[in-house]
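Student: Right, I'll just put the structure down here and ask away after.
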Amino acid sequence: MKKILVMSFSSDAGGIEKSLIEFLKFLISEGHNVSLYLWRKPGILFEQIPREVEIIQERLVPGSLKDVIKEKNIIHVFWYLIFRLAQKMKHPTKVMKDFPGQYDIAISYCQNGYSPYYIIDKVSATHKYMWYHHGSYEKNNKDKRIDEKYYSQYERFITVSESNRAMLLKVFPNLSKTIVVINNLVDEGTIRKKSALSVEDLNAVGCTIVTVGRIASEKGQLFALEVAKSLLERGFEFTWYFIGDGPDMENCMEFVFDNGLKYNCRFLGAKANPYPYIEAADIYVQPSSVEADPVTIREAKVLNKIIVASEIPAIKEALDDGSLGCVVTKNIEAFTDAIIRISSNAELQLFYKKKLCQEPSKNEESWNKIRNLM
């Protein structure tokens, strides 16, 4: 049994957060002593974290200036000023407190926020690993140099797909000897069980289309609305459900009302259980421009859904170059044509469903690789 610290960004309803919960469940099932630190306040998936996991709530950052002034503590004010200065110099973790305790393994479970740097600077552990969950690298040269310095200090660097590994090695070729590819874990039994639960806000007319994901530019919901407009103009009858929250929500709602889509496109917000909606879909659509290992597509595959998705490396890998679902160029006409064609082609639907039924689970391979790391 190992004493393991896992650090991550949040417990919101995202792919990283879902895979984190499955990762924690597996570590607990293997008998490890697991502690978790999250930089953000509890999100919609927080209650799904296994109760055996110790949630550590140590204060590692000073908070906002308003909060610090309210405390009337001169030491905290001084800490705040030093912390903000360190942020400007791109080294905020250097002035954070040391993390309490000694661990066999410390894991930064995502590339976002402070975790990748804090684990190196302030955590005492025999082994240090990092998970990378993003399908692109877009930082400037200064930030890239900082990442290169920190990433190279991890004993193992885990990417969540082969395409994710290839992308990262183009940016950081020095990681070639430390990278291990481990696909995200997906709880297939729970997905099937939860998909059978009833929900009250499903009353579709025509073809039922579902998209699950953070409402943000890289996930493509605004693009999906352009496709919806095109479908409507071509007389296609459909109801499209969007599950998720995010920064593009206001823009999406504005587009819906400006283009007469309010009866066709419904934004239902984030759901702790999105699976009844995926189960209800005639077609699951993933219009992302960036993915590392698309968890929502893997969930749709578990439920044997017909999938139409963007032709990007991680999605092509997840859909076996199009044999498990339709991958198309990300333009409005291509998506529109694919949705209309598949919805009226029973033979093609049967082809995809048979292929999905035959695909083996990737969980066993991921479990073995995690065991080797631990």
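If you're wondering about the labels, chains in the structure tokens are A, B, ... by order shown, residues count from 1 in each chain, ligands from 1 in order shown.
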Using DSSP on the backbone, list every residue of region 23-121 of chain A that comes out as alpha helix (DSSP H), and give them as JSON, numbers by chain.
Tutor: {"A": [23, 24, 25, 26, 27, 28, 29, 65, 66, 67, 68, 69, 70, 71, 74, 75, 76, 77, 78, 79, 80, 81, 82, 83, 84, 85, 86, 87, 88, 115, 116, 117, 118, 119, 120, 121]}
Student: What are the closest atom pairs, with distances in Å to one decimal, for all residues of region 221-262 of chain A lying within 12 Å of region 330-347 of chain A? Consider only C-alpha atoms, order rows by chain and residue number, and present the result as a Markdown table.
Tutor:
```
| residue | atom | partner | partner_atom | distance |
| --- | --- | --- | --- | --- |
| A:Leu222 | CA | A:Ile332 | CA | 11.0 |
| A:Phe223 | CA | A:Ile332 | CA | 7.5 |
| A:Ala224 | CA | A:Ile332 | CA | 8.1 |
| A:Leu225 | CA | A:Ile332 | CA | 9.4 |
| A:Glu226 | CA | A:Ile332 | CA | 6.6 |
| A:Val227 | CA | A:Ile332 | CA | 5.2 |
| A:Ala228 | CA | A:Thr336 | CA | 7.8 |
| A:Lys229 | CA | A:Thr336 | CA | 9.4 |
| A:Ser230 | CA | A:Thr336 | CA | 6.6 |
| A:Leu231 | CA | A:Thr336 | CA | 6.0 |
| A:Leu232 | CA | A:Thr336 | CA | 9.8 |
| A:Glu233 | CA | A:Thr336 | CA | 10.4 |
| A:Arg234 | CA | A:Thr336 | CA | 9.1 |
| A:Gly235 | CA | A:Ile340 | CA | 10.3 |
| A:Phe236 | CA | A:Ile340 | CA | 7.4 |
| A:Glu237 | CA | A:Ile340 | CA | 9.8 |
| A:Phe238 | CA | A:Ile340 | CA | 10.2 |
| A:Trp240 | CA | A:Ile339 | CA | 11.7 |
```
Student: To test your reading of the structure, identify every residue in region 5-149 of chain A that backbone DSSP assigns to strand (DSSP E), and report it as a ChimeraX atom specification.
Tutor: /A:5-8,33-38,54-55,102-108,124-132
Student: For the residues in the current selection, export N, CA and C atoms as a PDB file, in the first residue's frame.
Tutor:
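So out32.pdb came out as:
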```
ATOM      1  N   LEU A   5      -0.552  11.319  -2.789  1.00  0.00           N
ATOM      2  CA  LEU A   5      -1.195  12.633  -2.854  1.00  0.00           C
ATOM      3  C   LEU A   5      -1.539  12.932  -4.305  1.00  0.00           C
ATOM      4  N   VAL A   6      -2.801  13.298  -4.557  1.00  0.00           N
ATOM      5  CA  VAL A   6      -3.237  13.703  -5.889  1.00  0.00           C
ATOM      6  C   VAL A   6      -3.675  15.164  -5.820  1.00  0.00           C
ATOM      7  N   MET A   7      -3.145  15.976  -6.710  1.00  0.00           N
ATOM      8  CA  MET A   7      -3.550  17.382  -6.800  1.00  0.00           C
ATOM      9  C   MET A   7      -4.210  17.624  -8.146  1.00  0.00           C
ATOM     10  N   SER A   8      -5.342  18.348  -8.132  1.00  0.00           N
ATOM     11  CA  SER A   8      -5.995  18.693  -9.381  1.00  0.00           C
ATOM     12  C   SER A   8      -6.694  20.029  -9.231  1.00  0.00           C
ATOM     13  N   ASN A  33      -3.522   4.432   0.250  1.00  0.00           N
ATOM     14  CA  ASN A  33      -3.957   5.518   1.136  1.00  0.00           C
ATOM     15  C   ASN A  33      -3.883   6.812   0.325  1.00  0.00           C
ATOM     16  N   VAL A  34      -5.044   7.367  -0.040  1.00  0.00           N
ATOM     17  CA  VAL A  34      -5.082   8.452  -1.019  1.00  0.00           C
ATOM     18  C   VAL A  34      -5.569   9.760  -0.392  1.00  0.00           C
ATOM     19  N   SER A  35      -4.819  10.832  -0.633  1.00  0.00           N
ATOM     20  CA  SER A  35      -5.227  12.177  -0.239  1.00  0.00           C
ATOM     21  C   SER A  35      -5.415  13.004  -1.500  1.00  0.00           C
ATOM     22  N   LEU A  36      -6.375  13.941  -1.450  1.00  0.00           N
ATOM     23  CA  LEU A  36      -6.687  14.780  -2.607  1.00  0.00           C
ATOM     24  C   LEU A  36      -6.700  16.241  -2.204  1.00  0.00           C
ATOM     25  N   TYR A  37      -6.034  17.053  -3.026  1.00  0.00           N
ATOM     26  CA  TYR A  37      -6.124  18.511  -2.843  1.00  0.00           C
ATOM     27  C   TYR A  37      -6.655  19.130  -4.126  1.00  0.00           C
ATOM     28  N   LEU A  38      -7.732  19.944  -4.001  1.00  0.00           N
ATOM     29  CA  LEU A  38      -8.316  20.663  -5.129  1.00  0.00           C
ATOM     30  C   LEU A  38      -8.151  22.163  -4.913  1.00  0.00           C
ATOM     31  N   GLU A  54      -9.018  11.059   1.514  1.00  0.00           N
ATOM     32  CA  GLU A  54      -8.877  12.172   2.446  1.00  0.00           C
ATOM     33  C   GLU A  54      -8.818  13.481   1.652  1.00  0.00           C
ATOM     34  N   ILE A  55      -9.774  14.380   1.901  1.00  0.00           N
ATOM     35  CA  ILE A  55      -9.791  15.687   1.245  1.00  0.00           C
ATOM     36  C   ILE A  55      -9.004  16.655   2.119  1.00  0.00           C
ATOM     37  N   GLN A 102       4.731  13.564   4.265  1.00  0.00           N
ATOM     38  CA  GLN A 102       5.644  12.887   3.345  1.00  0.00           C
ATOM     39  C   GLN A 102       4.854  11.809   2.614  1.00  0.00           C
ATOM     40  N   TYR A 103       5.047  11.719   1.277  1.00  0.00           N
ATOM     41  CA  TYR A 103       4.261  10.800   0.457  1.00  0.00           C
ATOM     42  C   TYR A 103       5.182   9.857  -0.330  1.00  0.00           C
ATOM     43  N   ASP A 104       4.674   8.668  -0.608  1.00  0.00           N
ATOM     44  CA  ASP A 104       5.386   7.766  -1.512  1.00  0.00           C
ATOM     45  C   ASP A 104       5.298   8.299  -2.941  1.00  0.00           C
ATOM     46  N   ILE A 105       4.101   8.772  -3.319  1.00  0.00           N
ATOM     47  CA  ILE A 105       3.871   9.262  -4.681  1.00  0.00           C
ATOM     48  C   ILE A 105       3.047  10.536  -4.618  1.00  0.00           C
ATOM     49  N   ALA A 106       3.468  11.568  -5.353  1.00  0.00           N
ATOM     50  CA  ALA A 106       2.693  12.801  -5.502  1.00  0.00           C
ATOM     51  C   ALA A 106       2.360  12.965  -6.984  1.00  0.00           C
ATOM     52  N   ILE A 107       1.108  13.268  -7.267  1.00  0.00           N
ATOM     53  CA  ILE A 107       0.632  13.315  -8.651  1.00  0.00           C
ATOM     54  C   ILE A 107      -0.040  14.652  -8.940  1.00  0.00           C
ATOM     55  N   SER A 108       0.430  15.331  -9.971  1.00  0.00           N
ATOM     56  CA  SER A 108      -0.320  16.452 -10.527  1.00  0.00           C
ATOM     57  C   SER A 108      -1.227  15.847 -11.589  1.00  0.00           C
ATOM     58  N   SER A 124       6.825  16.960  -0.586  1.00  0.00           N
ATOM     59  CA  SER A 124       7.869  15.978  -0.309  1.00  0.00           C
ATOM     60  C   SER A 124       7.340  14.580  -0.651  1.00  0.00           C
ATOM     61  N   ALA A 125       7.920  13.968  -1.693  1.00  0.00           N
ATOM     62  CA  ALA A 125       7.471  12.648  -2.131  1.00  0.00           C
ATOM     63  C   ALA A 125       8.621  11.899  -2.783  1.00  0.00           C
ATOM     64  N   THR A 126       8.605  10.577  -2.651  1.00  0.00           N
ATOM     65  CA  THR A 126       9.649   9.745  -3.239  1.00  0.00           C
ATOM     66  C   THR A 126       9.558   9.743  -4.762  1.00  0.00           C
ATOM     67  N   HIS A 127       8.330   9.698  -5.295  1.00  0.00           N
ATOM     68  CA  HIS A 127       8.100   9.688  -6.741  1.00  0.00           C
ATOM     69  C   HIS A 127       7.095  10.783  -7.094  1.00  0.00           C
ATOM     70  N   LYS A 128       7.314  11.420  -8.237  1.00  0.00           N
ATOM     71  CA  LYS A 128       6.406  12.479  -8.685  1.00  0.00           C
ATOM     72  C   LYS A 128       6.008  12.237 -10.140  1.00  0.00           C
ATOM     73  N   TYR A 129       4.689  12.193 -10.369  1.00  0.00           N
ATOM     74  CA  TYR A 129       4.146  11.940 -11.708  1.00  0.00           C
ATOM     75  C   TYR A 129       3.206  13.075 -12.106  1.00  0.00           C
ATOM     76  N   MET A 130       3.077  13.273 -13.415  1.00  0.00           N
ATOM     77  CA  MET A 130       2.149  14.296 -13.906  1.00  0.00           C
ATOM     78  C   MET A 130       1.299  13.759 -15.045  1.00  0.00           C
ATOM     79  N   TRP A 131      -0.012  14.053 -15.002  1.00  0.00           N
ATOM     80  CA  TRP A 131      -0.957  13.715 -16.075  1.00  0.00           C
ATOM     81  C   TRP A 131      -1.189  14.947 -16.945  1.00  0.00           C
ATOM     82  N   TYR A 132      -1.222  14.745 -18.256  1.00  0.00           N
ATOM     83  CA  TYR A 132      -1.464  15.856 -19.193  1.00  0.00           C
ATOM     84  C   TYR A 132      -2.729  15.551 -19.987  1.00  0.00           C
TER      85      TYR A 132
END
```
Student: Using only C-alpha atoms, I'd like a table of the residues in region 292-327 of chain A that come within 9 Å of region 350-359 of chain A; for each, show the closest atom pair and its distance in Å rounded to one decimal, ordered by chain and ascending number, as CSV.
Tutor:
```
residue,atom,partner,partner_atom,distance
A:Lys301,CA,A:Leu356,CA,6.5
A:Val302,CA,A:Leu356,CA,7.9
A:Leu303,CA,A:Leu356,CA,8.9
A:Asn304,CA,A:Lys353,CA,5.8
A:Lys305,CA,A:Lys353,CA,7.2
A:Ile306,CA,A:Tyr352,CA,6.7
A:Ile307,CA,A:Tyr352,CA,8.6
A:Ser323,CA,A:Tyr352,CA,6.9
A:Leu324,CA,A:Tyr352,CA,5.5
A:Gly325,CA,A:Tyr352,CA,6.1
A:Cys326,CA,A:Tyr352,CA,8.6
```
Student: Keeping N, CA, C and O atoms, export the residues of the selection given above as an mmCIF file, in the first residue's frame.
Tutor:
```cif
data_model
loop_
_atom_site.group_PDB
_atom_site.id
_atom_site.type_symbol
_atom_site.label_atom_id
_atom_site.label_comp_id
_atom_site.auth_asym_id
_atom_site.auth_seq_id
_atom_site.Cartn_x
_atom_site.Cartn_y
_atom_site.Cartn_z
ATOM 1 N N LYS A 301 -19.787 5.912 -26.615
ATOM 2 C CA LYS A 301 -19.458 4.594 -27.161
ATOM 3 C C LYS A 301 -19.958 3.482 -26.238
ATOM 4 O O LYS A 301 -20.445 2.449 -26.706
ATOM 5 N N VAL A 302 -19.832 3.683 -24.918
ATOM 6 C CA VAL A 302 -20.318 2.689 -23.957
ATOM 7 C C VAL A 302 -21.813 2.436 -24.167
ATOM 8 O O VAL A 302 -22.287 1.300 -24.046
ATOM 9 N N LEU A 303 -22.555 3.497 -24.524
ATOM 10 C CA LEU A 303 -24.004 3.383 -24.725
ATOM 11 C C LEU A 303 -24.370 3.080 -26.183
ATOM 12 O O LEU A 303 -25.538 3.185 -26.566
ATOM 13 N N ASN A 304 -23.353 2.715 -26.977
ATOM 14 C CA ASN A 304 -23.568 2.313 -28.383
ATOM 15 C C ASN A 304 -24.290 3.374 -29.211
ATOM 16 O O ASN A 304 -25.199 3.066 -29.997
ATOM 17 N N LYS A 305 -23.882 4.608 -29.037
ATOM 18 C CA LYS A 305 -24.535 5.709 -29.739
ATOM 19 C C LYS A 305 -23.901 5.957 -31.113
ATOM 20 O O LYS A 305 -22.682 5.795 -31.283
ATOM 21 N N ILE A 306 -24.716 6.380 -32.054
ATOM 22 C CA ILE A 306 -24.210 6.834 -33.351
ATOM 23 C C ILE A 306 -23.533 8.176 -33.124
ATOM 24 O O ILE A 306 -24.141 9.106 -32.567
ATOM 25 N N ILE A 307 -22.281 8.313 -33.541
ATOM 26 C CA ILE A 307 -21.481 9.501 -33.223
ATOM 27 C C ILE A 307 -21.063 10.215 -34.503
ATOM 28 O O ILE A 307 -20.601 9.579 -35.459
ATOM 29 N N SER A 323 -14.242 3.980 -38.009
ATOM 30 C CA SER A 323 -14.977 2.707 -38.046
ATOM 31 C C SER A 323 -15.979 2.598 -36.893
ATOM 32 O O SER A 323 -16.890 1.769 -36.938
ATOM 33 N N LEU A 324 -15.811 3.436 -35.851
ATOM 34 C CA LEU A 324 -16.712 3.396 -34.697
ATOM 35 C C LEU A 324 -17.651 4.596 -34.659
ATOM 36 O O LEU A 324 -18.462 4.733 -33.730
ATOM 37 N N GLY A 325 -17.529 5.476 -35.613
ATOM 38 C CA GLY A 325 -18.354 6.673 -35.666
ATOM 39 C C GLY A 325 -17.908 7.516 -36.849
ATOM 40 O O GLY A 325 -16.849 7.275 -37.433
ATOM 41 N N CYS A 326 -18.708 8.497 -37.193
ATOM 42 C CA CYS A 326 -18.441 9.321 -38.373
ATOM 43 C C CYS A 326 -17.571 10.520 -38.004
ATOM 44 O O CYS A 326 -17.985 11.375 -37.221
#
```
Student: Find the residues near Phe267 (chain A): any atom within 10 Å, counting only C-alpha atoms, skip ones fewer than 3 places away on the same chain, and give them as a ChimeraX atom specification.
Tutor: /A:211,215,240-245,249,252-253,256,262,270
Student: Go ahead and dump the residues you just picked, C-alpha atoms, as a PDB file, in the first residue's frame.
Tutor:
```pdb
ATOM      1  CA  THR A 211     -23.738  17.251 -27.205  1.00  0.00           C
ATOM      2  CA  ILE A 215     -19.573  25.492 -23.273  1.00  0.00           C
ATOM      3  CA  TRP A 240     -30.598  19.302 -30.058  1.00  0.00           C
ATOM      4  CA  TYR A 241     -29.742  19.123 -26.348  1.00  0.00           C
ATOM      5  CA  PHE A 242     -26.572  20.769 -25.027  1.00  0.00           C
ATOM      6  CA  ILE A 243     -25.367  19.611 -21.597  1.00  0.00           C
ATOM      7  CA  GLY A 244     -22.749  21.761 -19.840  1.00  0.00           C
ATOM      8  CA  ASP A 245     -21.812  25.215 -18.581  1.00  0.00           C
ATOM      9  CA  MET A 249     -23.086  30.206 -22.771  1.00  0.00           C
ATOM     10  CA  CYS A 252     -24.774  30.603 -27.560  1.00  0.00           C
ATOM     11  CA  MET A 253     -28.090  31.767 -26.122  1.00  0.00           C
ATOM     12  CA  VAL A 256     -30.247  30.699 -30.530  1.00  0.00           C
ATOM     13  CA  LYS A 262     -35.232  28.242 -29.466  1.00  0.00           C
ATOM     14  CA  ALA A 270     -24.195  21.027 -16.331  1.00  0.00           C
TER      15      ALA A 270
END
```
Student: Quick one: residues within 10 Å of Glu58 (chain A), only C-alpha atoms, excluding same-chain residues fewer than 2 positions away - as a PyMOL selection string?
Tutor: chain A and resi 37-39+55-56+60-61+97+99-100
Student: Record the distance separating CA of Phe157 (chain A) and CA of Leu185 (chain A), expressed in Å with one decimal.
Tutor: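 For CA of Phe157 (chain A) relative to CA of Leu185 (chain A), the distance reads 16.9 Å.
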Student: Give me the residues within 10 Å of Leu202 (chain A) as a list in words, counting only C-alpha atoms and dropping any in the same chain fewer than 3 places off.
Tutor: Ser198, Val199, Val205, Thr208, Thr239, Tyr241, Arg266, Leu268, Pro276, Tyr277 and Ala280 of chain A
Student: For each of A:Glu250, A:Asp293, A:Asp258, A:Asp98, take the minimum atom-to-atom distance to Thr159 (chain A), counting only C-alpha atoms, then give the residue where this is smallest.
Tutor: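 Residue with the minimum atom-to-atom distance to Thr159 (chain A): A:Asp293.
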Student: Can you work out the spacing between CA of Ala314 (chain A) and CA of Lys219 (chain A) in Å, to one decimal?
Tutor: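 That distance, rounded to one decimal, is 13.1 Å.
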Student: Do you have, as a tab-separated table, the list of residues of region 194-306 of chain A lying at most 8 Å from region 11-27 of chain A, each with its nearest atom pair and that distance in Å to one decimal, counting only C-alpha atoms and ordered by chain then number?
Tutor:
```
residue	atom	partner	partner_atom	distance
A:Gly213	CA	A:Gly14	CA	6.8
A:Arg214	CA	A:Gly14	CA	6.6
A:Gly244	CA	A:Ala13	CA	7.5
A:Ala270	CA	A:Ala13	CA	6.5
A:Lys271	CA	A:Ala13	CA	7.1
A:Ala272	CA	A:Ala13	CA	6.7
A:Pro294	CA	A:Gly15	CA	7.3
A:Val295	CA	A:Gly15	CA	5.4
A:Thr296	CA	A:Gly15	CA	7.1
```
Student: Find, counting only C-alpha atoms, the residue in A:Glu299, A:Glu291, A:Glu162, A:Asp201 that gets nearest to Val186 (chain A).
Tutor: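 Among the listed residues, A:Glu299 lies closest to Val186 (chain A).
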Student: Have a look at CA of Asn112 (chain A) and CA of His133 (chain A) and let me know their distance in Å, one decimal.
Tutor: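 So the answer is 9.0 Å.
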Student: Would you pick out the contacts of Pro287 (chain A) at 6 Å or less, using only C-alpha atoms, so that residues sharing its chain but fewer than 6 positions from it are not included, and give the list as a list in words?
Tutor: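 The residues satisfying every condition are Gly220, Ala309 and Ser310 of chain A.
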Student: Please produce an output containing C-alpha atoms for each residue in the selection, written as an mmCIF file, in the first residue's frame.
Tutor:
```cif
data_model
loop_
_atom_site.group_PDB
_atom_site.id
_atom_site.type_symbol
_atom_site.label_atom_id
_atom_site.label_comp_id
_atom_site.auth_asym_id
_atom_site.auth_seq_id
_atom_site.Cartn_x
_atom_site.Cartn_y
_atom_site.Cartn_z
ATOM 1 C CA GLY A 220 -17.487 23.907 -30.557
ATOM 2 C CA ALA A 309 -17.494 14.226 -34.523
ATOM 3 C CA SER A 310 -14.699 16.504 -35.687
#
```
Student: Which residues are close to Ser161 (chain A), i.e. within 7 Å by only C-alpha atoms, leaving aside same-chain residues fewer than 2 positions away? Reply as a list in words.
Tutor: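 With the cut-off at 7 Å, the set is Thr159, Ser163, Asn164, Arg165, Val181, Ile182, Asn183, Ala292, Asp293 and Ala314 of chain A.
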